[in-house]
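Taking it in order: structure first as structure tokens, then the write-up.
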Amino acid sequence: MTFKEPSLTASLIEDVLSELANLARDEGKVIDLAIYGGGALCLVSNFRIATRDLDAVADDDGQRVIERLAKVVAERRRWSPDWLNDDVFPFLSDSVTGLNDHHSFVRSYPCEHAPGLRVFVPTAEYILAMKLMAMRIDDGSARKDRGDIVNLMSIVGISTKDDALSFLMTFYPEARVSAKVALGLDELFTSGDVPKEASSEDVAPKYLGRSGPSYR
């Protein structure tokens with residue numbers, strides 16, 4: 001079978017979350033689901049238009065259920081079976097203890113009165129830390145990653161490499177902050193991607209209602 005690779009915009013993500021929620025509700029389940037990466041940015045930021053998949057993590061029982069239901073959705077829509085996955089798992093911080101810590105509730109799907117999914121996203125700080133840890137340097141996605149990181153740093157208030165490293169250490173022990181991350185930060189801060197001055201005509205990046213300064 002030939003699979004379509006979806007371009008998951010905010011509206012399509014909302015639609016497919018409602019579909020998953022209806023399937024879960026039909027089984028009498030309500031699943032708390034955290035969405036990370038590009039999916040979270042599409043839902044609650046103004047600087048990511050689309051993503052290719054959803055990085056999504058539930059608790060142990062919920063994860064098995066949501067992955068099974070995601071395959072049902074994939075068959076219906078002829079999408080790749082891994083359009084929803086937990087590939088983000090290695091980048092979760094051991095310092096973050098559950099959805100009550102460094103996460104924000106977005107909404108229930110399909111509706112507040114009959115939920116099948118309760119969807120959460122990480123705070124701006126946490127998603128920035130995860131983006132930094134997962135930063136790619138030399139593939140085709142690196143530029144998009146850097147754009148997300150720059151926007152999130154603007155919101156969080158980070159403007160130097162030293163500040164970025166100190167910030168990262170609050171989420172990950174020094175043993176996990178690799179040479180690759182340090183190299184990625186070197187490239188980021190020497191590439192000209194990090195904004196220096198703002199223009200009144202530029203649009204400020206926003207995430208979960210928080211804004212950073214606008215920049216050129």
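Quick note on naming: the chains in the structure tokens go A, B, ... in the order shown, residues restart at 1 in each chain, and ligands are numbered from 1 in order of appearance.
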- [ ] Pick out the residues sitting within 12 Å of A:Phe3, and hand them over as a list in words; count only C-alpha atoms, and ignore anything fewer than 5 positions along from it in its own chain.
- [x] Ala74, Glu75, Arg76, Arg77, Arg78, Trp79, Ser80, Pro81, Asp82 and Trp83 of chain A
Task: Nearby residues (only C-alpha atoms) at most 7 Å from A:Ser18, same-chain spacing under 3 positions excluded, as a list in words - done: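 In the requested format, the answer is Glu14, Asp15, Ala21, Asn22, Tyr109 and Pro110 of chain A.
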Open item on the list: Can you tell me, as a list in words, which residues in stretch 100-208 of chain A count as strand (DSSP E) by DSSP?
Closed with: His103, Ser104, Phe105, Val106, Arg107, Ser108, Tyr109, Leu117, Arg118, Val119, Phe120, Val121, Pro122, Lys206 and Tyr207 of chain A
TODO: Fewer than 4 positions away in the same chain doesn't count, so skip those; otherwise give me all residues within 9 Å of A:Tyr36, counting only C-alpha atoms, as a PyMOL selection string.
DONE: chain A and resi 40-41+54-57+88+120-122+127+130
- [ ] as a ChimeraX atom specification, list the residues of chain A assigned to helix (DSSP H, G or I) by DSSP on the backbone atoms of this structure.
- [x] /A:10-26,37-44,60-77,89-91,124-133,142-156,161-169,174-176,179-190
TODO: Rank A:Gly28, A:Gly38, A:Gly147, A:Pro115 by their smallest atom-to-atom distance to A:Ser191, using only C-alpha atoms, and report the top residue only.
DONE: A:Gly147
Open item on the list: Measuring between only C-alpha atoms, which one of A:Ser211, A:Ile149, A:Thr170, A:Thr2 shows the shortest distance to A:Arg136?
Closed with: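 Under the stated criterion, the closest residue is A:Ile149.
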Open item on the list: Can you tell me which residues surround A:Phe167 at a distance of at most 10 Å, considering only C-alpha atoms, apart from same-chain residues fewer than 2 positions away, and format the answer as a ChimeraX atom specification?
Closed with: /A:125,128-129,156,158,161-165,169-172
Open item on the list: For a test of reading the model, state the distance in Å between atom CA of A:Asp86 and atom CA of A:Met135, rounded to one decimal.
Closed with: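 A separation of 17.1 Å between them.
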List the neighbours of A:Arg107 out to 9 Å using only C-alpha atoms; skip same-chain residues closer than 2 positions along the sequence, and give me the result as a PDB file with C-alpha atoms, in the first residue's frame.
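Saved to out-v7.pdb:
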ATOM      1  CA  PHE A 105      -3.679  21.823  29.399  1.00  0.00           C
ATOM      2  CA  TYR A 109     -11.494  16.400  22.484  1.00  0.00           C
ATOM      3  CA  CYS A 111     -15.558  18.399  23.423  1.00  0.00           C
ATOM      4  CA  GLU A 112     -15.368  19.418  27.064  1.00  0.00           C
ATOM      5  CA  LEU A 117      -8.669  12.893  24.977  1.00  0.00           C
ATOM      6  CA  ARG A 118      -7.330  15.546  27.309  1.00  0.00           C
ATOM      7  CA  VAL A 119      -4.488  17.218  25.426  1.00  0.00           C
ATOM      8  CA  PHE A 120      -1.475  18.906  27.017  1.00  0.00           C
TER       9      PHE A 120
END
- [ ] Could you tell me how far atom CA of A:Met133 lies from atom CA of A:Val177, in Å and to one decimal?
- [x] 7.2 Å
Task: Non-local contacts of A:Ala50 (6 Å; only C-alpha atoms; under 3 positions in same chain excluded) as a list in words - done: Ser7, Leu8 and Thr9 of chain A
Task: Best match for closeness to A:Ser11 among A:Val44, A:Val96, A:Val30, A:Ala179, counting only C-alpha atoms - done: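 Of the candidates, the smallest distance to A:Ser11 is held by A:Val44.
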TODO: Quote the spacing between atom CA of A:Ala58 and atom CA of A:Ile31 in Å to one decimal place.
DONE: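 Distance between the two atoms: 7.2 Å.
Compared by their closest atoms to A:Ala10, and using only C-alpha atoms, the residues A:Ala24, A:Pro173, A:Asp87, A:Asn46 rank with A:Asn46 nearest.
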